[in-house]
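As stored in coords35.tsv (TSV, C-alpha atoms):
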```
chain	number	residue	atom	x	y	z
A	664	MET	CA	-18.68	14.67	-9.76
A	665	SER	CA	-18.75	16.77	-12.90
A	666	ALA	CA	-20.75	15.84	-16.01
A	667	ASN	CA	-17.74	14.47	-17.87
A	668	PRO	CA	-15.44	13.00	-15.26
A	669	ARG	CA	-11.78	13.61	-16.07
A	670	ILE	CA	-9.29	10.80	-15.50
A	671	VAL	CA	-5.51	11.26	-15.35
A	672	CYS	CA	-3.42	8.10	-15.71
A	673	TYR	CA	0.03	7.56	-14.22
A	674	LEU	CA	2.43	5.23	-16.10
A	675	ASN	CA	6.13	4.39	-15.88
A	676	GLN	CA	8.63	4.82	-18.72
A	677	PHE	CA	7.93	1.34	-20.07
A	678	PHE	CA	4.13	1.49	-20.27
A	679	GLY	CA	4.42	5.19	-21.15
A	680	GLN	CA	6.24	4.07	-24.30
A	681	ILE	CA	9.46	5.97	-23.67
A	682	GLY	CA	11.73	2.95	-23.26
A	683	GLY	CA	13.07	0.27	-20.95
A	684	GLU	CA	15.61	0.31	-18.12
A	685	ASP	CA	17.82	2.79	-19.96
A	686	LYS	CA	15.00	5.36	-19.59
A	687	ALA	CA	14.26	4.66	-15.92
A	688	ASP	CA	15.89	7.99	-14.96
A	689	THR	CA	13.41	10.03	-17.04
A	690	PRO	CA	11.87	12.95	-15.10
A	691	PRO	CA	8.06	13.20	-15.13
A	692	HIS	CA	6.12	14.83	-17.95
A	693	ILE	CA	2.50	14.98	-19.02
A	694	GLU	CA	0.85	14.16	-22.33
A	695	MET	CA	-2.64	15.54	-22.86
A	696	LYS	CA	-3.89	12.24	-24.26
A	697	ALA	CA	-4.29	8.61	-23.24
A	698	VAL	CA	-0.97	6.78	-23.80
A	699	GLY	CA	-0.56	2.99	-24.04
A	700	PRO	CA	-2.73	1.13	-21.50
A	701	ALA	CA	-4.39	4.45	-20.65
A	702	GLY	CA	-5.79	4.38	-24.20
A	703	ALA	CA	-7.21	0.91	-23.68
A	704	LEU	CA	-8.70	2.06	-20.37
A	705	ASP	CA	-10.28	5.06	-22.09
A	706	THR	CA	-11.95	2.69	-24.56
A	707	GLN	CA	-13.20	0.48	-21.71
A	708	LEU	CA	-14.65	3.49	-19.94
A	709	GLY	CA	-16.73	4.49	-22.96
A	710	ASP	CA	-18.95	7.46	-22.13
A	711	ALA	CA	-18.56	7.01	-18.37
A	712	ALA	CA	-15.37	9.08	-18.14
A	713	ASP	CA	-12.53	10.45	-20.28
A	714	VAL	CA	-8.83	9.86	-19.88
A	715	VAL	CA	-7.69	13.43	-20.49
A	716	ALA	CA	-3.97	13.09	-19.77
A	717	THR	CA	-1.17	10.65	-18.97
A	718	VAL	CA	1.64	11.47	-16.54
A	719	ILE	CA	4.76	9.43	-17.28
A	720	CYS	CA	7.85	9.13	-15.09
A	721	GLY	CA	10.88	6.84	-14.93
A	722	ASP	CA	10.77	4.25	-12.12
A	723	ASN	CA	14.21	5.15	-10.80
A	724	TYR	CA	13.60	8.91	-10.95
A	725	ILE	CA	10.42	8.84	-8.88
A	726	ASN	CA	11.89	6.45	-6.30
A	727	GLU	CA	15.25	8.20	-5.93
A	728	LYS	CA	14.60	11.93	-6.25
A	729	ASP	CA	13.09	13.81	-3.34
A	730	GLU	CA	11.53	16.40	-5.63
A	731	ALA	CA	9.79	13.77	-7.80
A	732	PHE	CA	6.66	13.50	-5.66
A	733	ALA	CA	5.89	17.23	-5.87
A	734	GLN	CA	6.62	17.25	-9.60
A	735	VAL	CA	4.28	14.33	-10.29
A	736	ALA	CA	1.61	15.84	-8.02
A	737	ASP	CA	1.82	19.19	-9.86
A	738	LEU	CA	1.57	17.53	-13.27
A	739	ILE	CA	-1.45	15.48	-12.21
A	740	ALA	CA	-3.10	18.61	-10.76
A	741	SER	CA	-2.44	20.58	-13.95
A	742	ALA	CA	-4.92	18.38	-15.85
A	743	ASP	CA	-7.65	19.05	-13.27
A	744	PRO	CA	-8.69	15.42	-12.77
A	745	ASP	CA	-11.66	13.99	-10.90
A	746	LEU	CA	-9.85	10.68	-10.38
A	747	VAL	CA	-6.36	9.22	-10.88
A	748	VAL	CA	-5.62	5.76	-12.24
A	749	ALA	CA	-2.08	4.53	-11.52
A	750	GLY	CA	-0.60	1.50	-13.27
A	751	PRO	CA	-1.56	-1.34	-13.12
A	752	ALA	CA	1.87	-2.28	-11.79
A	753	PHE	CA	1.45	-6.09	-11.47
A	754	ASN	CA	4.45	-7.35	-9.45
A	755	ALA	CA	6.92	-4.63	-10.51
A	756	GLY	CA	8.20	-3.32	-7.18
A	757	ARG	CA	9.58	0.07	-8.20
A	758	TYR	CA	6.55	0.71	-10.40
A	759	GLY	CA	4.26	-0.26	-7.51
A	760	MET	CA	6.03	2.21	-5.22
A	761	ALA	CA	5.72	4.85	-7.97
A	762	CYS	CA	1.98	4.18	-8.31
A	763	ALA	CA	1.68	4.55	-4.52
A	764	LYS	CA	3.17	8.05	-4.84
A	765	ALA	CA	0.75	8.96	-7.65
A	766	CYS	CA	-2.16	7.70	-5.51
A	767	GLN	CA	-0.83	9.66	-2.53
A	768	ALA	CA	-0.72	12.79	-4.70
A	769	ALA	CA	-4.38	12.22	-5.60
A	770	GLY	CA	-5.46	11.62	-2.02
A	771	GLU	CA	-3.28	14.08	-0.14
A	772	LYS	CA	-2.74	16.96	-2.55
A	773	LEU	CA	-5.93	16.89	-4.61
A	774	ASP	CA	-8.37	15.12	-2.31
A	775	ILE	CA	-9.70	12.97	-5.16
A	776	PRO	CA	-10.06	9.18	-5.40
A	777	ALA	CA	-7.45	6.93	-7.00
A	778	VAL	CA	-7.60	3.45	-8.50
A	779	SER	CA	-4.75	1.07	-9.24
A	780	GLY	CA	-4.02	-2.59	-9.88
A	781	MET	CA	-1.25	-4.67	-8.28
A	782	TYR	CA	-0.20	-8.22	-7.53
A	783	GLN	CA	-0.76	-9.11	-3.87
A	784	GLU	CA	2.98	-9.20	-3.09
A	785	ASN	CA	3.82	-5.85	-4.72
A	786	PRO	CA	5.61	-3.72	-2.08
A	787	GLY	CA	3.64	-0.72	-3.40
A	788	LEU	CA	0.36	-2.23	-2.20
A	789	ASP	CA	0.73	-1.20	1.44
A	790	PRO	CA	1.71	2.44	0.92
A	791	ALA	CA	-0.90	2.81	-1.87
A	792	ARG	CA	-3.99	1.26	-0.33
A	793	ARG	CA	-4.50	4.15	2.08
A	794	TYR	CA	-5.12	6.39	-0.90
A	795	ALA	CA	-6.49	4.05	-3.55
A	796	TYR	CA	-8.87	1.29	-4.48
A	797	ILE	CA	-6.49	-1.38	-5.76
A	798	ILE	CA	-7.70	-4.39	-7.67
A	799	PRO	CA	-5.67	-7.61	-7.45
A	800	THR	CA	-3.86	-8.47	-10.69
A	801	SER	CA	-1.65	-11.29	-11.89
A	802	ASP	CA	2.10	-10.95	-11.29
A	803	SER	CA	2.98	-9.98	-14.87
A	804	ALA	CA	1.75	-7.62	-17.57
A	805	ALA	CA	0.18	-10.65	-19.28
A	806	GLY	CA	-2.73	-9.89	-16.96
A	807	MET	CA	-3.37	-6.45	-18.50
A	808	ARG	CA	-6.37	-7.66	-20.46
A	809	SER	CA	-8.24	-8.85	-17.40
A	810	ALA	CA	-7.04	-6.01	-15.14
A	811	LEU	CA	-8.27	-3.09	-17.28
A	812	PRO	CA	-12.00	-4.01	-17.35
A	813	GLU	CA	-11.94	-4.40	-13.56
A	814	ILE	CA	-10.24	-1.04	-13.11
A	815	ALA	CA	-12.71	0.55	-15.57
A	816	SER	CA	-15.69	-0.91	-13.74
A	817	LEU	CA	-14.45	0.39	-10.38
A	818	VAL	CA	-13.73	3.84	-11.88
A	819	GLU	CA	-17.20	3.94	-13.39
A	820	LYS	CA	-18.82	3.22	-10.04
A	821	ILE	CA	-16.76	5.85	-8.25
A	822	VAL	CA	-17.31	8.65	-10.79
A	823	SER	CA	-21.04	7.94	-10.95
A	824	ASP	CA	-21.13	8.50	-7.17
A	825	ARG	CA	-22.42	5.01	-6.52
A	826	GLN	CA	-21.68	3.87	-3.00
A	827	LEU	CA	-18.96	1.23	-3.14
A	828	GLY	CA	-19.51	-1.96	-1.21
A	829	SER	CA	-16.98	-3.75	0.97
A	830	PRO	CA	-13.64	-4.87	-0.47
A	831	GLU	CA	-14.97	-8.45	-0.62
A	832	GLU	CA	-18.07	-7.39	-2.58
A	833	GLU	CA	-16.27	-5.10	-5.01
A	834	GLY	CA	-13.06	-7.06	-5.38
A	835	TYR	CA	-10.46	-4.51	-4.25
A	836	PHE	CA	-7.80	-4.94	-1.58
A	837	PRO	CA	-9.01	-3.95	1.92
A	838	ARG	CA	-7.99	-0.37	2.67
A	839	GLY	CA	-8.02	-0.51	6.45
A	840	GLN	CA	-10.96	1.91	6.58
A	841	ARG	CA	-14.13	1.61	8.62
A	842	ARG	CA	-17.51	2.92	7.65
A	843	THR	CA	-20.48	3.48	9.91
A	844	LEU	CA	-23.55	1.52	8.90
A	845	PHE	CA	-26.76	0.28	10.44
A	846	THR	CA	-27.15	-3.39	11.30
A	847	GLU	CA	-30.01	-5.44	12.64
A	848	LYS	CA	-28.11	-6.68	15.66
A	849	ARG	CA	-26.27	-4.51	18.11
A	850	GLY	CA	-22.53	-4.96	18.71
A	851	SER	CA	-22.72	-6.85	22.02
A	852	LEU	CA	-25.04	-9.42	20.48
A	853	ARG	CA	-22.78	-9.90	17.44
A	854	ALA	CA	-19.73	-10.26	19.68
A	855	ILE	CA	-21.40	-12.94	21.84
A	856	GLU	CA	-22.55	-14.82	18.73
A	857	MET	CA	-19.03	-14.72	17.36
A	858	LEU	CA	-17.62	-15.95	20.66
A	859	LEU	CA	-20.08	-18.84	20.81
A	860	LYS	CA	-19.24	-19.87	17.25
A	861	ARG	CA	-15.57	-19.74	18.10
A	862	LEU	CA	-16.05	-21.88	21.20
A	863	LYS	CA	-17.94	-24.44	19.10
A	864	ASP	CA	-15.13	-24.41	16.49
A	865	GLU	CA	-17.54	-23.06	13.89
A	866	GLU	CA	-16.57	-20.61	11.19
A	867	TYR	CA	-17.07	-16.96	12.02
A	868	GLN	CA	-16.32	-13.70	10.26
A	869	THR	CA	-14.34	-11.18	12.31
A	870	GLU	CA	-15.38	-7.55	11.98
A	871	LEU	CA	-11.90	-6.32	12.87
A	872	PRO	CA	-9.12	-8.24	11.15
A	873	MET	CA	-5.76	-7.74	12.84
A	874	PRO	CA	-3.05	-6.30	10.60
A	875	VAL	CA	-0.07	-8.53	9.95
A	876	PHE	CA	3.30	-6.79	10.39
A	877	ASP	CA	6.50	-8.49	9.36
A	878	GLU	CA	8.36	-7.38	12.43
A	879	VAL	CA	11.76	-8.79	13.16
A	880	GLU	CA	13.37	-8.44	16.54
A	881	PRO	CA	16.57	-6.41	16.04
A	882	ALA	CA	19.78	-8.36	16.45
A	883	PRO	CA	22.07	-7.07	19.20
A	884	ALA	CA	24.80	-4.63	18.14
A	885	VAL	CA	28.20	-5.97	17.16
A	886	SER	CA	30.48	-5.04	20.06
A	887	GLU	CA	33.95	-5.28	18.54
A	888	ILE	CA	33.59	-4.83	14.80
A	889	ASN	CA	37.40	-4.89	14.41
A	890	LYS	CA	37.41	-8.51	15.57
A	891	VAL	CA	34.46	-10.08	13.75
A	892	THR	CA	34.04	-11.69	10.34
A	893	ILE	CA	31.66	-9.76	8.10
A	894	ALA	CA	30.02	-11.13	4.94
A	895	LEU	CA	28.74	-9.33	1.88
A	896	VAL	CA	25.30	-10.41	0.63
A	897	SER	CA	23.43	-8.82	-2.25
A	898	SER	CA	20.12	-8.99	-4.09
A	899	GLY	CA	21.80	-7.17	-7.00
A	900	GLY	CA	22.36	-10.22	-9.23
A	901	ILE	CA	26.17	-9.99	-9.63
A	902	VAL	CA	27.37	-13.49	-10.63
A	903	PRO	CA	30.29	-15.07	-12.52
A	904	ALA	CA	29.89	-14.19	-16.21
A	905	LYS	CA	28.64	-17.64	-17.21
A	906	ASN	CA	26.06	-17.67	-14.40
A	907	PRO	CA	27.08	-21.21	-13.39
A	908	ASP	CA	24.11	-21.74	-11.05
A	909	SER	CA	21.59	-20.40	-13.59
A	910	ILE	CA	20.16	-17.87	-11.17
A	911	GLU	CA	17.03	-16.37	-12.72
A	912	SER	CA	17.17	-12.73	-13.84
A	913	ALA	CA	13.74	-12.21	-12.22
A	914	SER	CA	11.50	-14.12	-9.79
A	915	ALA	CA	14.55	-15.91	-8.40
A	916	THR	CA	14.21	-19.28	-6.69
A	917	LYS	CA	17.90	-19.73	-5.83
A	918	TYR	CA	21.01	-17.94	-4.69
A	919	GLY	CA	24.72	-18.32	-5.39
A	920	ARG	CA	27.83	-18.34	-3.20
A	921	TYR	CA	30.99	-17.11	-4.91
A	922	SER	CA	34.56	-16.76	-3.72
A	923	LEU	CA	36.24	-13.42	-3.08
A	924	LYS	CA	39.41	-15.06	-1.79
A	925	GLY	CA	42.55	-13.33	-3.05
A	926	TYR	CA	40.64	-10.51	-4.73
A	927	ASN	CA	40.65	-6.84	-3.72
A	928	ASP	CA	38.30	-5.40	-6.29
A	929	MET	CA	35.21	-6.70	-8.14
A	930	ARG	CA	36.79	-5.50	-11.39
A	931	GLN	CA	39.45	-8.23	-11.08
A	932	LEU	CA	36.67	-10.82	-11.50
A	933	ASP	CA	34.83	-11.69	-14.69
A	934	TYR	CA	31.47	-11.06	-13.07
A	935	ARG	CA	28.37	-9.36	-14.39
A	936	SER	CA	24.84	-8.50	-13.34
A	937	ILE	CA	22.07	-10.81	-14.54
A	938	HIS	CA	19.43	-8.78	-12.65
A	939	GLY	CA	16.45	-8.03	-14.89
A	940	GLY	CA	15.09	-5.17	-12.79
A	941	TYR	CA	17.61	-2.36	-13.26
A	942	ASP	CA	19.99	-1.06	-15.94
A	943	SER	CA	23.06	-3.20	-15.28
A	944	ALA	CA	25.49	-1.05	-17.32
A	945	TYR	CA	26.92	0.69	-14.21
A	946	ALA	CA	27.24	-2.56	-12.24
A	947	ASN	CA	28.96	-4.29	-15.17
A	948	GLU	CA	31.37	-1.37	-15.51
A	949	ASP	CA	32.32	-1.61	-11.82
A	950	GLY	CA	30.87	-4.40	-9.65
A	951	ASN	CA	32.05	-2.61	-6.47
A	952	ARG	CA	29.04	-0.34	-6.96
A	953	VAL	CA	26.82	-3.25	-5.95
A	954	VAL	CA	29.20	-5.53	-4.00
A	955	PRO	CA	31.60	-3.10	-2.28
A	956	LEU	CA	34.57	-5.49	-2.18
A	957	ASP	CA	37.27	-2.85	-2.72
A	958	VAL	CA	36.55	-0.79	0.39
A	959	MET	CA	35.75	-3.85	2.54
A	960	ARG	CA	39.24	-5.16	1.73
A	961	GLU	CA	40.77	-1.81	2.56
A	962	LEU	CA	38.94	-1.70	5.91
A	963	GLU	CA	40.06	-5.28	6.55
A	964	GLU	CA	43.70	-4.41	5.83
A	965	ARG	CA	43.50	-1.38	8.10
A	966	GLY	CA	42.07	-3.50	10.90
A	967	GLU	CA	38.75	-1.62	10.98
A	968	ILE	CA	36.91	-4.92	10.54
A	969	GLY	CA	38.15	-8.28	11.73
A	970	ARG	CA	37.84	-10.19	8.47
A	971	LEU	CA	35.86	-10.20	5.26
A	972	HIS	CA	34.22	-13.59	4.72
A	973	ASP	CA	35.76	-15.51	1.80
A	974	TYR	CA	32.44	-15.82	-0.02
A	975	TYR	CA	29.64	-13.48	-0.91
A	976	TYR	CA	26.04	-14.61	-1.40
A	977	VAL	CA	23.81	-13.26	-4.12
A	978	THR	CA	20.40	-13.57	-5.68
A	979	THR	CA	18.12	-11.46	-7.85
A	980	GLY	CA	15.66	-9.26	-6.00
A	981	THR	CA	13.00	-8.46	-8.59
A	982	GLY	CA	9.60	-10.09	-8.74
A	983	THR	CA	10.96	-12.63	-6.26
A	984	SER	CA	8.16	-14.10	-4.18
A	985	VAL	CA	8.20	-13.34	-0.47
A	986	ALA	CA	8.09	-17.07	0.29
A	987	ASN	CA	11.18	-17.79	-1.83
A	988	ALA	CA	13.00	-14.74	-0.50
A	989	ARG	CA	12.33	-15.76	3.09
A	990	GLN	CA	13.55	-19.31	2.45
A	991	MET	CA	16.73	-18.09	0.74
A	992	GLY	CA	17.35	-15.62	3.56
A	993	GLU	CA	17.01	-18.36	6.18
A	994	ASP	CA	19.32	-20.71	4.26
A	995	ILE	CA	21.97	-18.03	3.66
A	996	ALA	CA	21.86	-16.92	7.31
A	997	ALA	CA	22.26	-20.53	8.50
A	998	GLU	CA	25.28	-21.08	6.21
A	999	LEU	CA	26.90	-17.82	7.31
A	1000	LYS	CA	26.35	-18.58	10.98
A	1001	SER	CA	27.91	-22.02	10.68
A	1002	SER	CA	30.93	-20.40	8.94
A	1003	GLY	CA	31.46	-18.11	11.92
A	1004	VAL	CA	30.19	-14.92	10.28
A	1005	GLN	CA	28.87	-12.45	12.85
A	1006	ALA	CA	27.57	-9.59	10.73
A	1007	VAL	CA	26.31	-8.96	7.20
A	1008	VAL	CA	26.22	-5.96	4.92
A	1009	LEU	CA	23.30	-6.60	2.55
A	1010	THR	CA	23.21	-4.42	-0.55
A	1011	SER	CA	20.04	-4.09	-2.61
A	1012	THR	CA	19.51	-2.49	-6.00
B	711	MET	CA	22.03	-4.32	8.08
B	712	GLN	CA	20.75	-3.34	4.65
B	713	LEU	CA	22.09	-0.73	2.21
B	714	CYS	CA	19.34	0.12	-0.27
B	715	SER	CA	17.64	2.96	-2.15
B	716	ILE	CA	13.94	2.21	-1.61
B	717	THR	CA	14.12	2.19	2.17
B	718	THR	CA	10.35	1.82	2.50
B	719	ILE	CA	10.62	-1.70	1.06
B	720	ALA	CA	13.38	-2.59	3.54
B	721	ARG	CA	11.14	-1.31	6.36
B	722	SER	CA	8.14	-3.31	5.13
B	723	VAL	CA	10.03	-6.61	5.28
B	724	GLY	CA	11.45	-6.06	8.74
B	725	ALA	CA	14.99	-4.75	8.16
B	726	ASN	CA	15.98	-3.00	11.38
B	727	ARG	CA	19.23	-1.26	10.43
B	728	ILE	CA	18.96	0.60	7.14
B	729	VAL	CA	21.46	2.85	5.36
B	730	PRO	CA	19.98	4.77	2.39
B	731	ALA	CA	21.99	4.04	-0.77
B	732	ILE	CA	23.00	6.27	-3.70
B	733	ALA	CA	20.72	4.93	-6.45
B	734	ILE	CA	18.95	1.75	-7.53
B	735	PRO	CA	21.47	0.67	-10.26
B	736	TYR	CA	24.52	1.67	-8.13
B	737	PRO	CA	23.73	1.50	-4.41
B	738	ALA	CA	27.41	1.83	-3.41
B	739	GLY	CA	28.80	4.09	-6.12
B	740	ASN	CA	28.18	6.98	-8.44
B	741	PRO	CA	29.38	6.80	-12.07
B	742	GLU	CA	29.24	10.60	-12.32
B	743	LEU	CA	32.19	10.95	-9.96
B	744	ASP	CA	35.80	10.23	-10.93
B	745	GLY	CA	37.47	7.05	-9.65
B	746	SER	CA	38.92	8.22	-6.33
B	747	GLU	CA	35.92	10.40	-5.46
B	748	GLU	CA	33.61	7.47	-6.09
B	749	ARG	CA	35.72	5.21	-3.90
B	750	ASP	CA	35.67	7.78	-1.08
B	751	LEU	CA	31.89	7.97	-1.38
B	752	ARG	CA	31.67	4.17	-1.15
B	753	LYS	CA	34.03	4.07	1.82
B	754	GLY	CA	31.86	6.60	3.63
B	755	LEU	CA	28.75	4.52	2.94
B	756	VAL	CA	30.33	1.24	4.05
B	757	LYS	CA	31.62	2.92	7.22
B	758	ARG	CA	28.09	4.06	7.93
B	759	CYS	CA	26.99	0.43	7.43
B	760	LEU	CA	29.55	-0.66	10.04
B	761	GLU	CA	28.36	2.07	12.38
B	762	ALA	CA	24.81	0.72	11.97
B	763	LEU	CA	26.00	-2.76	12.91
B	764	GLU	CA	27.71	-1.37	16.01
B	765	THR	CA	24.66	0.56	17.19
B	766	GLU	CA	22.09	-0.94	19.54
B	767	VAL	CA	18.55	-0.44	18.14
B	768	ASP	CA	15.13	-1.39	19.48
B	769	LYS	CA	13.15	-0.53	16.35
B	770	VAL	CA	13.66	0.19	12.63
B	771	THR	CA	16.42	2.77	12.38
B	772	GLU	CA	17.86	4.64	9.40
B	773	PHE	CA	21.46	5.71	9.63
```
Just give me the structure of the file as C-alpha cells.
Amino acid sequence: MSANPRIVCYLNQFFGQIGGEDKADTPPHIEMKAVGPAGALDTQLGDAADVVATVICGDNYINEKDEAFAQVADLIASADPDLVVAGPAFNAGRYGMACAKACQAAGEKLDIPAVSGMYQENPGLDPARRYAYIIPTSDSAAGMRSALPEIASLVEKIVSDRQLGSPEEEGYFPRGQRRTLFTEKRGSLRAIEMLLKRLKDEEYQTELPMPVFDEVEPAPAVSEINKVTIALVSSGGIVPAKNPDSIESASATKYGRYSLKGYNDMRQLDYRSIHGGYDSAYANEDGNRVVPLDVMRELEERGEIGRLHDYYYVTTGTGTSVANARQMGEDIAAELKSSGVQAVVLTST
Amino acid sequence: MQLCSITTIARSVGANRIVPAIAIPYPAGNPELDGSEERDLRKGLVKRCLEALETEVDKVTEF
C-alpha cells in the first residue's frame, strides 16, 4: 500500500449528520473530510492512515434505487482510496444492507479491502462479508465507542500489509474464504484424528464448517384463490392510534391482531404507524399503502378472492431479533390456520 | 407470500414467493401519484401477490 493509506468512509444520512428518517431518500454525495464517526475513526487511526473523504447516502435511496450502487461506487472511487470503511451499522437492517453495497463497491469495482462493523443478526452481514472484514458490534449505536478502536486496529493491520490471522484470532466474522497454509500433519491424519475424537465424544475443531441456510420448503400453490380466505399480515407497525397492546416501535417482542370487519379502507380507521424504522408520514396519510385493505375488499367483492379474513396481524420489523420474529411468525401462522385462513399476503416496510 | 422492497432480506429468511414493492415507507402505494392512479398501482401489485400464491414454486421466486 501507499505511504499514506487513504481511507474513504461510508455513512448513512443519520451518522452523516444530514438528518433522520425524513432524509432517508437523500441521494449519495461525498465530503472531502471525515464526518461524524469517520472523524473519530480518523483520530483512532493516528498516523497509520488518513480518512480523506466520507460518502453519505440515505438508507432508503441506496436500497430502493437501481442506480444507487453505481453512484456510490463512483463517489468512493473519486477519492482514490486504499481501503473503505462502511458503518458500523450495528443492528440497523437498511444501513447494514447499504454498508454491504459500499463494501461490494470496494471489492468488485475497486479491488480494495473493506472493513465494517455489524451486530450478528444484521441482514447486511451475509451480503457484506464476502467483500469485507466485519467486526461484531452491539445491537445499538451505544456500542460505537468500543466498535471504532476494533475497526481502527483491523484497518491498521490491513494497510500495513500485515498478514491477517483467522477470524477467531482477529475477531472478525468468518468470510467463507480458505487460505492455503502449511501444517505439521497431513490432511488424512488430521481427518482420522478428528474422527477418533468424535467417536470418543471428545471436542474437536472442524476445518470446514457447514453453512447454515434458513431454507423453508415452499408451500403448495393455492388452487382456487376465488374460494379461499386470505389474511393480511404486516411488519409495518400499523396499529390502532392508542397502540392498545403497546407494541414496541423497534425490537418488537409482540404482535397485534386488529379487526377489519365492516371496513373497506384503512383511512376509515383511526390507525397509525408506530414503526421506528421508516418515515411513517406516508403510512399515516393512507394506511392502505402498508395494509392494502381497499383493494383486497374490492377483489373480495368482485369474487377474485374468496374472502378477506376479518383480522389483520401486525408487528414492527426493525431491530427485531430473529428468535422473536420466528416465534411471532409461528404463533400468527397457527392462529390463522385454526381460523381457516389458507393464504397470507405479508407486507413489509 | 411477501411484498417488500429489500427482497434480499426476504430471501435470506426463507421467503419463497416474493413480490418487489414500491418503496420502504409505502410498499403498496406511491404518494406521488393521484388517488385513482395510486389505487390502480396497488391493485396491480396485490393481483401480482395473488398470482404468486397461485403459482407452484420449488425455490425462491420473485414475481
For a quick test of understanding: name the residues of chain A lying within 8 Å of chain B when counting only C-alpha atoms, and present them as a PyMOL selection string. chain A and resi 723+726-727+786+876-881+883-888+941-943+945-946+951-955+958-959+1006-1012
Grab the residues selected above and save them as a PDB file, in the coordinates of the input with C-alpha atoms.
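Result saved to result_7.pdb:
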```pdb
ATOM      1  CA  ASN A 723      14.210   5.150 -10.800  1.00  0.00           C
ATOM      2  CA  ASN A 726      11.890   6.450  -6.300  1.00  0.00           C
ATOM      3  CA  GLU A 727      15.250   8.200  -5.930  1.00  0.00           C
ATOM      4  CA  PRO A 786       5.610  -3.720  -2.080  1.00  0.00           C
ATOM      5  CA  PHE A 876       3.300  -6.790  10.390  1.00  0.00           C
ATOM      6  CA  ASP A 877       6.500  -8.490   9.360  1.00  0.00           C
ATOM      7  CA  GLU A 878       8.360  -7.380  12.430  1.00  0.00           C
ATOM      8  CA  VAL A 879      11.760  -8.790  13.160  1.00  0.00           C
ATOM      9  CA  GLU A 880      13.370  -8.440  16.540  1.00  0.00           C
ATOM     10  CA  PRO A 881      16.570  -6.410  16.040  1.00  0.00           C
ATOM     11  CA  PRO A 883      22.070  -7.070  19.200  1.00  0.00           C
ATOM     12  CA  ALA A 884      24.800  -4.630  18.140  1.00  0.00           C
ATOM     13  CA  VAL A 885      28.200  -5.970  17.160  1.00  0.00           C
ATOM     14  CA  SER A 886      30.480  -5.040  20.060  1.00  0.00           C
ATOM     15  CA  GLU A 887      33.950  -5.280  18.540  1.00  0.00           C
ATOM     16  CA  ILE A 888      33.590  -4.830  14.800  1.00  0.00           C
ATOM     17  CA  TYR A 941      17.610  -2.360 -13.260  1.00  0.00           C
ATOM     18  CA  ASP A 942      19.990  -1.060 -15.940  1.00  0.00           C
ATOM     19  CA  SER A 943      23.060  -3.200 -15.280  1.00  0.00           C
ATOM     20  CA  TYR A 945      26.920   0.690 -14.210  1.00  0.00           C
ATOM     21  CA  ALA A 946      27.240  -2.560 -12.240  1.00  0.00           C
ATOM     22  CA  ASN A 951      32.050  -2.610  -6.470  1.00  0.00           C
ATOM     23  CA  ARG A 952      29.040  -0.340  -6.960  1.00  0.00           C
ATOM     24  CA  VAL A 953      26.820  -3.250  -5.950  1.00  0.00           C
ATOM     25  CA  VAL A 954      29.200  -5.530  -4.000  1.00  0.00           C
ATOM     26  CA  PRO A 955      31.600  -3.100  -2.280  1.00  0.00           C
ATOM     27  CA  VAL A 958      36.550  -0.790   0.390  1.00  0.00           C
ATOM     28  CA  MET A 959      35.750  -3.850   2.540  1.00  0.00           C
ATOM     29  CA  ALA A1006      27.570  -9.590  10.730  1.00  0.00           C
ATOM     30  CA  VAL A1007      26.310  -8.960   7.200  1.00  0.00           C
ATOM     31  CA  VAL A1008      26.220  -5.960   4.920  1.00  0.00           C
ATOM     32  CA  LEU A1009      23.300  -6.600   2.550  1.00  0.00           C
ATOM     33  CA  THR A1010      23.210  -4.420  -0.550  1.00  0.00           C
ATOM     34  CA  SER A1011      20.040  -4.090  -2.610  1.00  0.00           C
ATOM     35  CA  THR A1012      19.510  -2.490  -6.000  1.00  0.00           C
TER      36      THR A1012
END
```
Quick one: residues within 8 Å of stretch 749-757 of chain A, only C-alpha atoms, excluding same-chain residues fewer than 6 positions away - as number ranges by chain? A: 672-675, 722-723, 726, 763, 765-766, 777-787, 800-804, 806-807, 810, 981-982
Taking all atoms listed in the file into account, name the residue in A:Glu832, A:Glu819, A:Asp864, A:Asp973 that is nearest to A:Asp710. A:Glu819
If you count only C-alpha atoms, which residues fall within 7 Å of stretch 909-913 of chain A, apart from same-chain ones fewer than 3 positions away, as an NGL selection string? :A and (906 or 917-918 or 937-939 or 978-979 or 981-983)
Keeping only C-alpha atoms, write those residues as a PDB file, in the coordinates of the input.
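Okay, this is what ended up in part_15.pdb:
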```pdb
ATOM      1  CA  ASN A 906      26.060 -17.670 -14.400  1.00  0.00           C
ATOM      2  CA  LYS A 917      17.900 -19.730  -5.830  1.00  0.00           C
ATOM      3  CA  TYR A 918      21.010 -17.940  -4.690  1.00  0.00           C
ATOM      4  CA  ILE A 937      22.070 -10.810 -14.540  1.00  0.00           C
ATOM      5  CA  HIS A 938      19.430  -8.780 -12.650  1.00  0.00           C
ATOM      6  CA  GLY A 939      16.450  -8.030 -14.890  1.00  0.00           C
ATOM      7  CA  THR A 978      20.400 -13.570  -5.680  1.00  0.00           C
ATOM      8  CA  THR A 979      18.120 -11.460  -7.850  1.00  0.00           C
ATOM      9  CA  THR A 981      13.000  -8.460  -8.590  1.00  0.00           C
ATOM     10  CA  GLY A 982       9.600 -10.090  -8.740  1.00  0.00           C
ATOM     11  CA  THR A 983      10.960 -12.630  -6.260  1.00  0.00           C
TER      12      THR A 983
END
```
Please return, as an mmCIF file with C-alpha atoms, in the frame of the given file, all polymer residues that have at least one atom within 10 Å of the point (-10.8, 12.4, -4.7); use all atoms listed in the file and the file's own coordinate frame.
```cif
data_model
loop_
_atom_site.group_PDB
_atom_site.id
_atom_site.type_symbol
_atom_site.label_atom_id
_atom_site.label_comp_id
_atom_site.auth_asym_id
_atom_site.auth_seq_id
_atom_site.Cartn_x
_atom_site.Cartn_y
_atom_site.Cartn_z
ATOM 1 C CA MET A 664 -18.680 14.670 -9.760
ATOM 2 C CA PRO A 744 -8.690 15.420 -12.770
ATOM 3 C CA ASP A 745 -11.660 13.990 -10.900
ATOM 4 C CA LEU A 746 -9.850 10.680 -10.380
ATOM 5 C CA VAL A 747 -6.360 9.220 -10.880
ATOM 6 C CA CYS A 766 -2.160 7.700 -5.510
ATOM 7 C CA ALA A 769 -4.380 12.220 -5.600
ATOM 8 C CA GLY A 770 -5.460 11.620 -2.020
ATOM 9 C CA GLU A 771 -3.280 14.080 -0.140
ATOM 10 C CA LYS A 772 -2.740 16.960 -2.550
ATOM 11 C CA LEU A 773 -5.930 16.890 -4.610
ATOM 12 C CA ASP A 774 -8.370 15.120 -2.310
ATOM 13 C CA ILE A 775 -9.700 12.970 -5.160
ATOM 14 C CA PRO A 776 -10.060 9.180 -5.400
ATOM 15 C CA ALA A 777 -7.450 6.930 -7.000
ATOM 16 C CA TYR A 794 -5.120 6.390 -0.900
ATOM 17 C CA ALA A 795 -6.490 4.050 -3.550
ATOM 18 C CA ILE A 821 -16.760 5.850 -8.250
ATOM 19 C CA VAL A 822 -17.310 8.650 -10.790
#
```
